[in-house]
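This is query-v3.pdb (PDB, C-alpha atoms, pLDDT in the B column).
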ATOM      1  CA  MET S  10     -41.823  -3.259   5.360  1.00 68.00           C
ATOM      2  CA  TYR S  11     -41.573  -0.297   2.978  1.00 80.00           C
ATOM      3  CA  GLN S  12     -38.621   1.163   4.893  1.00 81.00           C
ATOM      4  CA  TYR S  13     -36.890  -2.213   4.887  1.00 81.00           C
ATOM      5  CA  LEU S  14     -37.253  -2.423   1.102  1.00 86.00           C
ATOM      6  CA  VAL S  15     -35.900   1.114   0.621  1.00 88.00           C
ATOM      7  CA  LEU S  16     -32.918   0.361   2.889  1.00 86.00           C
ATOM      8  CA  PHE S  17     -32.276  -2.841   0.958  1.00 87.00           C
ATOM      9  CA  LEU S  18     -32.387  -1.038  -2.408  1.00 89.00           C
ATOM     10  CA  VAL S  19     -30.040   1.732  -1.265  1.00 89.00           C
ATOM     11  CA  HIS S  20     -27.687  -0.808   0.282  1.00 87.00           C
ATOM     12  CA  ALA S  21     -27.786  -3.023  -2.807  1.00 88.00           C
ATOM     13  CA  THR S  22     -27.063  -0.040  -5.054  1.00 89.00           C
ATOM     14  CA  LEU S  23     -24.060   1.007  -2.967  1.00 89.00           C
ATOM     15  CA  ASN S  24     -22.859  -2.579  -2.678  1.00 86.00           C
ATOM     16  CA  TYR S  25     -23.182  -3.132  -6.423  1.00 85.00           C
ATOM     17  CA  SER S  26     -21.526   0.177  -7.320  1.00 87.00           C
ATOM     18  CA  LEU S  27     -18.584  -0.579  -5.028  1.00 85.00           C
ATOM     19  CA  ASN S  28     -17.152  -2.860  -7.725  1.00 81.00           C
ATOM     20  CA  TYR S  29     -17.441  -0.290 -10.505  1.00 82.00           C
ATOM     21  CA  PHE S  30     -14.846   2.083  -9.115  1.00 82.00           C
ATOM     22  CA  ASN S  31     -11.167   1.582  -9.793  1.00 78.00           C
ATOM     23  CA  LYS S  32      -9.671   4.275  -7.536  1.00 86.00           C
ATOM     24  CA  ILE S  33      -9.015   3.533  -3.879  1.00 88.00           C
ATOM     25  CA  TRP S  34     -10.549   6.807  -2.670  1.00 92.00           C
ATOM     26  CA  GLN S  35     -13.781   6.070  -4.557  1.00 92.00           C
ATOM     27  CA  CYS S  36     -14.064   2.542  -3.169  1.00 90.00           C
ATOM     28  CA  ALA S  37     -13.262   3.811   0.323  1.00 92.00           C
ATOM     29  CA  PHE S  38     -15.966   6.485   0.085  1.00 93.00           C
ATOM     30  CA  VAL S  39     -18.634   3.999  -1.026  1.00 93.00           C
ATOM     31  CA  PHE S  40     -17.518   1.548   1.668  1.00 93.00           C
ATOM     32  CA  VAL S  41     -17.817   4.181   4.403  1.00 93.00           C
ATOM     33  CA  LEU S  42     -21.322   5.064   3.163  1.00 92.00           C
ATOM     34  CA  LEU S  43     -22.203   1.369   3.095  1.00 93.00           C
ATOM     35  CA  ALA S  44     -20.928   0.774   6.626  1.00 92.00           C
ATOM     36  CA  LEU S  45     -22.616   3.958   7.912  1.00 90.00           C
ATOM     37  CA  LEU S  46     -25.929   2.883   6.385  1.00 90.00           C
ATOM     38  CA  THR S  47     -25.539  -0.572   7.909  1.00 91.00           C
ATOM     39  CA  ASN S  48     -24.815   0.878  11.347  1.00 90.00           C
ATOM     40  CA  LEU S  49     -27.730   3.298  11.198  1.00 88.00           C
ATOM     41  CA  THR S  50     -29.985   0.415  10.160  1.00 89.00           C
ATOM     42  CA  ALA S  51     -28.661  -1.625  13.083  1.00 90.00           C
ATOM     43  CA  LEU S  52     -29.355   1.205  15.512  1.00 88.00           C
ATOM     44  CA  ALA S  53     -32.822   1.883  14.077  1.00 87.00           C
ATOM     45  CA  TYR S  54     -33.920  -1.763  13.947  1.00 88.00           C
ATOM     46  CA  ASN S  55     -31.314  -4.236  15.203  1.00 87.00           C
ATOM     47  CA  ALA S  56     -27.984  -5.748  14.137  1.00 88.00           C
ATOM     48  CA  ARG S  57     -29.641  -8.920  12.863  1.00 89.00           C
ATOM     49  CA  ARG S  58     -31.877  -6.992  10.479  1.00 88.00           C
ATOM     50  CA  ALA S  59     -28.927  -4.898   9.246  1.00 88.00           C
ATOM     51  CA  THR S  60     -26.878  -8.043   8.642  1.00 89.00           C
ATOM     52  CA  GLN S  61     -29.769  -9.571   6.699  1.00 90.00           C
ATOM     53  CA  ILE S  62     -29.817  -6.502   4.439  1.00 89.00           C
ATOM     54  CA  VAL S  63     -26.053  -6.802   3.910  1.00 89.00           C
ATOM     55  CA  LEU S  64     -26.364 -10.513   3.175  1.00 90.00           C
ATOM     56  CA  LEU S  65     -29.202 -10.094   0.673  1.00 89.00           C
ATOM     57  CA  SER S  66     -27.549  -7.168  -1.110  1.00 89.00           C
ATOM     58  CA  SER S  67     -24.238  -9.061  -1.281  1.00 88.00           C
ATOM     59  CA  ILE S  68     -25.945 -12.114  -2.755  1.00 89.00           C
ATOM     60  CA  LEU S  69     -27.775  -9.962  -5.291  1.00 89.00           C
ATOM     61  CA  GLY S  70     -24.588  -8.135  -6.255  1.00 86.00           C
ATOM     62  CA  PHE S  71     -22.653 -11.383  -6.610  1.00 86.00           C
ATOM     63  CA  ILE S  72     -25.379 -12.853  -8.834  1.00 88.00           C
ATOM     64  CA  LEU S  73     -25.371  -9.732 -11.023  1.00 85.00           C
ATOM     65  CA  HIS S  74     -21.549  -9.830 -11.299  1.00 82.00           C
ATOM     66  CA  PHE S  75     -21.289 -13.605 -11.700  1.00 81.00           C
ATOM     67  CA  ASN S  76     -20.145 -13.707 -15.353  1.00 81.00           C
ATOM     68  CA  LYS S  77     -18.363 -10.347 -15.381  1.00 80.00           C
ATOM     69  CA  THR S  78     -14.600  -9.949 -15.540  1.00 79.00           C
ATOM     70  CA  TYR S  79     -12.784  -7.362 -13.452  1.00 79.00           C
ATOM     71  CA  PHE S  80      -9.593  -5.837 -14.841  1.00 76.00           C
ATOM     72  CA  ILE S  81      -6.749  -4.341 -12.827  1.00 78.00           C
ATOM     73  CA  GLN S  82      -4.080  -2.606 -14.902  1.00 77.00           C
ATOM     74  CA  GLY S  83      -5.424  -4.270 -18.034  1.00 78.00           C
ATOM     75  CA  GLU S  84      -5.243  -7.812 -16.641  1.00 81.00           C
ATOM     76  CA  PRO S  85      -8.299  -9.867 -15.693  1.00 81.00           C
ATOM     77  CA  VAL S  86      -8.540 -10.767 -12.023  1.00 82.00           C
ATOM     78  CA  SER S  87     -10.831 -13.666 -11.216  1.00 83.00           C
ATOM     79  CA  GLY S  88     -12.514 -14.070  -7.856  1.00 84.00           C
ATOM     80  CA  ILE S  89     -12.431 -10.402  -6.925  1.00 85.00           C
ATOM     81  CA  PHE S  90     -16.223 -10.036  -6.921  1.00 86.00           C
ATOM     82  CA  PHE S  91     -16.630 -12.946  -4.517  1.00 88.00           C
ATOM     83  CA  ALA S  92     -13.867 -11.595  -2.267  1.00 89.00           C
ATOM     84  CA  SER S  93     -15.363  -8.111  -2.370  1.00 89.00           C
ATOM     85  CA  TYR S  94     -18.885  -9.191  -1.445  1.00 89.00           C
ATOM     86  CA  LEU S  95     -17.604 -11.582   1.210  1.00 92.00           C
ATOM     87  CA  SER S  96     -15.504  -8.753   2.646  1.00 92.00           C
ATOM     88  CA  VAL S  97     -18.489  -6.382   2.737  1.00 92.00           C
ATOM     89  CA  LEU S  98     -20.654  -9.053   4.351  1.00 92.00           C
ATOM     90  CA  ILE S  99     -18.150  -9.874   7.096  1.00 93.00           C
ATOM     91  CA  SER S 100     -16.952  -6.322   7.769  1.00 94.00           C
ATOM     92  CA  CYS S 101     -20.329  -4.544   7.643  1.00 92.00           C
ATOM     93  CA  GLY S 102     -22.070  -7.346   9.515  1.00 92.00           C
ATOM     94  CA  SER S 103     -19.505  -7.256  12.324  1.00 93.00           C
ATOM     95  CA  SER S 104     -19.643  -3.458  12.274  1.00 93.00           C
ATOM     96  CA  ALA S 105     -23.409  -3.557  12.882  1.00 92.00           C
ATOM     97  CA  PHE S 106     -23.034  -5.844  15.883  1.00 92.00           C
ATOM     98  CA  LEU S 107     -20.138  -3.808  17.310  1.00 92.00           C
ATOM     99  CA  CYS S 108     -22.081  -0.578  16.801  1.00 90.00           C
ATOM    100  CA  CYS S 109     -25.085  -1.925  18.704  1.00 90.00           C
ATOM    101  CA  PHE S 110     -22.846  -3.277  21.465  1.00 91.00           C
ATOM    102  CA  LEU S 111     -20.990   0.020  21.907  1.00 90.00           C
ATOM    103  CA  HIS S 112     -24.243   1.965  21.826  1.00 87.00           C
ATOM    104  CA  THR S 113     -25.736  -0.168  24.619  1.00 88.00           C
ATOM    105  CA  GLN S 114     -22.678   0.464  26.804  1.00 84.00           C
ATOM    106  CA  LYS S 115     -23.762   4.141  27.185  1.00 79.00           C
ATOM    107  CA  LYS S 116     -20.132   5.250  26.959  1.00 80.00           C
ATOM    108  CA  PHE S 117     -20.473   6.117  23.299  1.00 83.00           C
ATOM    109  CA  THR S 118     -22.903   8.407  21.532  1.00 82.00           C
ATOM    110  CA  THR S 119     -24.788   7.104  18.530  1.00 82.00           C
ATOM    111  CA  LEU S 120     -22.354   8.749  16.134  1.00 83.00           C
ATOM    112  CA  SER S 121     -19.250   7.698  18.059  1.00 84.00           C
ATOM    113  CA  SER S 122     -20.317   4.060  18.261  1.00 87.00           C
ATOM    114  CA  SER S 123     -21.061   4.068  14.547  1.00 86.00           C
ATOM    115  CA  LEU S 124     -17.762   5.664  13.560  1.00 88.00           C
ATOM    116  CA  VAL S 125     -15.659   3.419  15.802  1.00 91.00           C
ATOM    117  CA  SER S 126     -17.340   0.369  14.324  1.00 93.00           C
ATOM    118  CA  ILE S 127     -16.785   1.722  10.780  1.00 92.00           C
ATOM    119  CA  LEU S 128     -13.055   1.965  11.512  1.00 93.00           C
ATOM    120  CA  PHE S 129     -13.198  -1.615  12.778  1.00 94.00           C
ATOM    121  CA  ALA S 130     -14.977  -2.641   9.564  1.00 94.00           C
ATOM    122  CA  ALA S 131     -12.398  -0.782   7.463  1.00 94.00           C
ATOM    123  CA  PHE S 132      -9.604  -2.761   9.092  1.00 95.00           C
ATOM    124  CA  ILE S 133     -11.433  -6.073   8.557  1.00 95.00           C
ATOM    125  CA  ASP S 134     -12.225  -5.183   4.936  1.00 94.00           C
ATOM    126  CA  GLY S 135      -8.592  -4.250   4.332  1.00 94.00           C
ATOM    127  CA  CYS S 136      -7.361  -7.516   5.834  1.00 95.00           C
ATOM    128  CA  ILE S 137      -9.742  -9.657   3.763  1.00 95.00           C
ATOM    129  CA  MET S 138      -8.937  -7.855   0.514  1.00 93.00           C
ATOM    130  CA  ALA S 139      -5.198  -7.950   1.315  1.00 94.00           C
ATOM    131  CA  GLY S 140      -5.530 -11.703   1.806  1.00 93.00           C
ATOM    132  CA  PHE S 141      -7.090 -11.914  -1.640  1.00 93.00           C
ATOM    133  CA  PHE S 142      -4.360  -9.825  -3.307  1.00 91.00           C
ATOM    134  CA  ILE S 143      -1.317 -11.457  -1.647  1.00 92.00           C
ATOM    135  CA  PRO S 144      -1.096 -14.307  -4.208  1.00 91.00           C
ATOM    136  CA  ILE S 145      -1.458 -11.811  -7.074  1.00 88.00           C
ATOM    137  CA  TYR S 146       0.872  -8.957  -6.033  1.00 89.00           C
ATOM    138  CA  SER S 147       3.959  -8.598  -3.897  1.00 92.00           C
ATOM    139  CA  MET S 148       3.629  -8.039  -0.165  1.00 94.00           C
ATOM    140  CA  VAL S 149       4.987  -4.488  -0.533  1.00 95.00           C
ATOM    141  CA  ILE S 150       2.276  -3.504  -3.022  1.00 93.00           C
ATOM    142  CA  VAL S 151      -0.455  -5.182  -0.961  1.00 94.00           C
ATOM    143  CA  SER S 152       0.647  -3.458   2.248  1.00 95.00           C
ATOM    144  CA  LYS S 153       0.754  -0.062   0.472  1.00 94.00           C
ATOM    145  CA  ILE S 154      -2.780  -0.609  -0.803  1.00 91.00           C
ATOM    146  CA  PHE S 155      -3.938  -1.759   2.652  1.00 94.00           C
ATOM    147  CA  PHE S 156      -2.550   1.247   4.504  1.00 95.00           C
ATOM    148  CA  LYS S 157      -3.694   3.699   1.850  1.00 94.00           C
ATOM    149  CA  GLU S 158      -7.235   2.291   1.854  1.00 93.00           C
ATOM    150  CA  VAL S 159      -7.564   2.206   5.646  1.00 94.00           C
ATOM    151  CA  GLY S 160      -6.032   5.693   5.869  1.00 95.00           C
ATOM    152  CA  ILE S 161      -8.504   7.135   3.379  1.00 95.00           C
ATOM    153  CA  LYS S 162     -11.400   5.510   5.230  1.00 94.00           C
ATOM    154  CA  LEU S 163     -10.058   7.027   8.440  1.00 94.00           C
ATOM    155  CA  LEU S 164     -10.053  10.454   6.770  1.00 95.00           C
ATOM    156  CA  TYR S 165     -13.669  10.042   5.645  1.00 93.00           C
ATOM    157  CA  VAL S 166     -14.763   8.937   9.115  1.00 91.00           C
ATOM    158  CA  SER S 167     -12.858  11.824  10.695  1.00 90.00           C
ATOM    159  CA  ALA S 168     -14.520  14.273   8.299  1.00 91.00           C
ATOM    160  CA  ILE S 169     -17.974  12.962   9.237  1.00 87.00           C
ATOM    161  CA  TYR S 170     -17.136  13.216  12.928  1.00 86.00           C
ATOM    162  CA  PHE S 171     -15.751  16.759  12.725  1.00 86.00           C
ATOM    163  CA  LEU S 172     -18.649  17.986  10.603  1.00 84.00           C
ATOM    164  CA  ASN S 173     -21.000  16.656  13.258  1.00 80.00           C
ATOM    165  CA  LEU S 174     -18.956  18.336  16.003  1.00 78.00           C
ATOM    166  CA  LYS S 175     -19.107  21.626  14.110  1.00 75.00           C
ATOM    167  CA  LYS S 176     -22.871  21.319  13.726  1.00 72.00           C
ATOM    168  CA  ASN S 177     -23.298  20.541  17.431  1.00 70.00           C
ATOM    169  CA  TYR S 178     -20.971  23.404  18.400  1.00 70.00           C
ATOM    170  CA  ARG S 179     -23.027  25.879  16.375  1.00 68.00           C
ATOM    171  CA  ARG S 180     -26.223  24.604  17.900  1.00 65.00           C
ATOM    172  CA  SER S 181     -24.864  24.833  21.460  1.00 64.00           C
ATOM    173  CA  LYS S 182     -23.452  28.306  20.762  1.00 61.00           C
ATOM    174  CA  GLU S 183     -26.869  29.491  19.553  1.00 60.00           C
ATOM    175  CA  ILE S 184     -28.590  28.001  22.595  1.00 59.00           C
ATOM    176  CA  PHE S 185     -26.017  29.590  24.919  1.00 57.00           C
ATOM    177  CA  SER S 186     -26.368  33.030  23.298  1.00 57.00           C
ATOM    178  CA  ILE S 187     -30.168  32.845  23.459  1.00 56.00           C
ATOM    179  CA  SER S 188     -30.129  31.895  27.143  1.00 55.00           C
ATOM    180  CA  LEU S 189     -27.524  34.579  27.905  1.00 49.00           C
ATOM    181  CA  THR S 190     -29.614  37.213  26.113  1.00 55.00           C
ATOM    182  CA  GLN S 191     -32.691  36.167  28.063  1.00 56.00           C
ATOM    183  CA  LYS S 192     -30.809  36.437  31.350  1.00 55.00           C
ATOM    184  CA  VAL S 193     -29.527  39.921  30.478  1.00 53.00           C
ATOM    185  CA  LEU S 194     -32.965  41.126  29.382  1.00 57.00           C
ATOM    186  CA  ASN S 195     -34.667  39.728  32.472  1.00 61.00           C
ATOM    187  CA  LYS S 196     -32.150  41.282  34.833  1.00 56.00           C
ATOM    188  CA  PRO S 197     -33.808  43.915  37.110  1.00 53.00           C
TER     189      PRO S 197
END

Do you think you could lay out the structure here as structure tokens?
Amino acid sequence: MYQYLVLFLVHATLNYSLNYFNKIWQCAFVFVLLALLTNLTALAYNARRATQIVLLSSILGFILHFNKTYFIQGEPVSGIFFASYLSVLISCGSSAFLCCFLHTQKKFTTLSSSLVSILFAAFIDGCIMAGFFIPIYSMVIVSKIFFKEVGIKLLYVSAIYFLNLKKNYRRSKEIFSISLTQKVLNKP
């Protein structure tokens, strides 16, 4: 129960802070952290529990932002908080289920299944938010924002993946050198 509460608080904090950033790279970074946390929760417990955390944190964030106004380029934009929390709920919830499904297929490692599902969530999030912005901005501007946001999320996911590969390479190199040294020393 304690771990569930801590996960909820961290998730709610990330979810709430997502709407305080006004740069695409900042929002993308928080979203990737949010989706990664959701996937790790799904793998540690189950996808249903992770989706419940996303749902509760989205409801809490929406309640806290209910009477707030969001400004883009000095103009108020109504409905963005609802669209944002709905997007996080749908994309992170589906990411949790996809992550668990891929992980059970035994073709993907834990990290690979999580990162593939985060990319899936990034695409869904981009589509939902693009659908929200189409009536407000031109299709050209919306498509630029969509591709930029998904591209930045792809860069973050790639960075996580390559950092993990580097860590695993170092570990395997150390293990190989230790075993090689032992073989040389034990040679008659």

message: Measuring between all atoms listed in the file, which one of S:Gln12, S:Ser67, S:Gly83, S:Phe142 shows the shortest distance to Ala53 (chain S)?
response: S:Gln12

message: So that I can see what lies close to Cys101 (chain S), please list as a PyMOL selection string the residues with an atom at most 8 Å from it, counting all atoms listed in the file and leaving out residues fewer than 3 positions away in the same chain.
response: chain S and resi 43-44+47-48+60+63+97-98+104-105+127+130

File of the preceding selection, C-alpha atoms, as a short mmCIF file (atom, residue, chain, number, x, y, z; two decimals), in the coordinates of the input:
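The resulting selection17.cif:
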data_model
loop_
_atom_site.label_atom_id
_atom_site.label_comp_id
_atom_site.auth_asym_id
_atom_site.auth_seq_id
_atom_site.Cartn_x
_atom_site.Cartn_y
_atom_site.Cartn_z
CA LEU S 43 -22.20 1.37 3.10
CA ALA S 44 -20.93 0.77 6.63
CA THR S 47 -25.54 -0.57 7.91
CA ASN S 48 -24.82 0.88 11.35
CA THR S 60 -26.88 -8.04 8.64
CA VAL S 63 -26.05 -6.80 3.91
CA VAL S 97 -18.49 -6.38 2.74
CA LEU S 98 -20.65 -9.05 4.35
CA SER S 104 -19.64 -3.46 12.27
CA ALA S 105 -23.41 -3.56 12.88
CA ILE S 127 -16.78 1.72 10.78
CA ALA S 130 -14.98 -2.64 9.56
#

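If you measure from each of S:Leu45, S:Val151, S:Ala21, S:Leu65 to Val125 (chain S) using only C-alpha atoms, the closest one turns out to be S:Leu45.
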
- request: Around the point (-3.6, -8.8, -0.5), in the coordinates given by the file, pick out the residues reaching within 12 Å, counting all atoms listed in the file, and return them as a VMD selection string.
  value: chain S and resid 89 92 to 93 134 to 156 158

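CA of Phe17 (chain S) is found 5.6 Å from CA of Ile62 (chain S).
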
field: Atomic separation - CA of Gly88 (chain S) relative to CA of Leu69 (chain S), Å
entry: 16.0 Å

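Distances from S:Ser66, S:Tyr165, S:Leu52, S:Gly160 to Leu111 (chain S) were compared using all atoms listed in the file, and the smallest one belongs to S:Leu52.
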
Please evaluate the PyMOL selection byres ((chain S and resi 34) around 12) against the structure above and give the resulting residues as a compact mmCIF listing (two decimals) with C-alpha atoms, in the coordinates of the input.
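Dumped everything to out17.txt:
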# COMPACT_ATOMS: atom_id res chain seq x y z
CA LEU S 27 -18.58 -0.58 -5.03
CA PHE S 30 -14.85 2.08 -9.12
CA ASN S 31 -11.17 1.58 -9.79
CA LYS S 32 -9.67 4.28 -7.54
CA ILE S 33 -9.02 3.53 -3.88
CA GLN S 35 -13.78 6.07 -4.56
CA CYS S 36 -14.06 2.54 -3.17
CA ALA S 37 -13.26 3.81 0.32
CA PHE S 38 -15.97 6.48 0.08
CA VAL S 39 -18.63 4.00 -1.03
CA PHE S 40 -17.52 1.55 1.67
CA VAL S 41 -17.82 4.18 4.40
CA ILE S 154 -2.78 -0.61 -0.80
CA LYS S 157 -3.69 3.70 1.85
CA GLU S 158 -7.24 2.29 1.85
CA VAL S 159 -7.56 2.21 5.65
CA GLY S 160 -6.03 5.69 5.87
CA ILE S 161 -8.50 7.14 3.38
CA LYS S 162 -11.40 5.51 5.23
CA LEU S 163 -10.06 7.03 8.44
CA LEU S 164 -10.05 10.45 6.77
CA TYR S 165 -13.67 10.04 5.64

query: Expressed in Å to a single decimal, how great is the separation between CA of Phe75 (chain S) and CA of Phe90 (chain S)?
result: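 Between CA of Phe75 (chain S) and CA of Phe90 (chain S) the gap works out to 7.8 Å.
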
task: Starting from the displayed file, determine the output of the PyMOL selection byres ((chain S and resi 25) around 9) and express the residue list as a PyMOL selection string.
output: chain S and resi 20-24+26-29+66-67+69-71+73-74+94

Mind writing the picked residues with C-alpha atoms as a CSV table (one decimal), in the coordinates of the input?
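Below you can see part.csv, which holds the result:
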chain,number,residue,atom,x,y,z
S,20,HIS,CA,-27.7,-0.8,0.3
S,21,ALA,CA,-27.8,-3.0,-2.8
S,22,THR,CA,-27.1,0.0,-5.1
S,23,LEU,CA,-24.1,1.0,-3.0
S,24,ASN,CA,-22.9,-2.6,-2.7
S,26,SER,CA,-21.5,0.2,-7.3
S,27,LEU,CA,-18.6,-0.6,-5.0
S,28,ASN,CA,-17.2,-2.9,-7.7
S,29,TYR,CA,-17.4,-0.3,-10.5
S,66,SER,CA,-27.5,-7.2,-1.1
S,67,SER,CA,-24.2,-9.1,-1.3
S,69,LEU,CA,-27.8,-10.0,-5.3
S,70,GLY,CA,-24.6,-8.1,-6.3
S,71,PHE,CA,-22.7,-11.4,-6.6
S,73,LEU,CA,-25.4,-9.7,-11.0
S,74,HIS,CA,-21.5,-9.8,-11.3
S,94,TYR,CA,-18.9,-9.2,-1.4
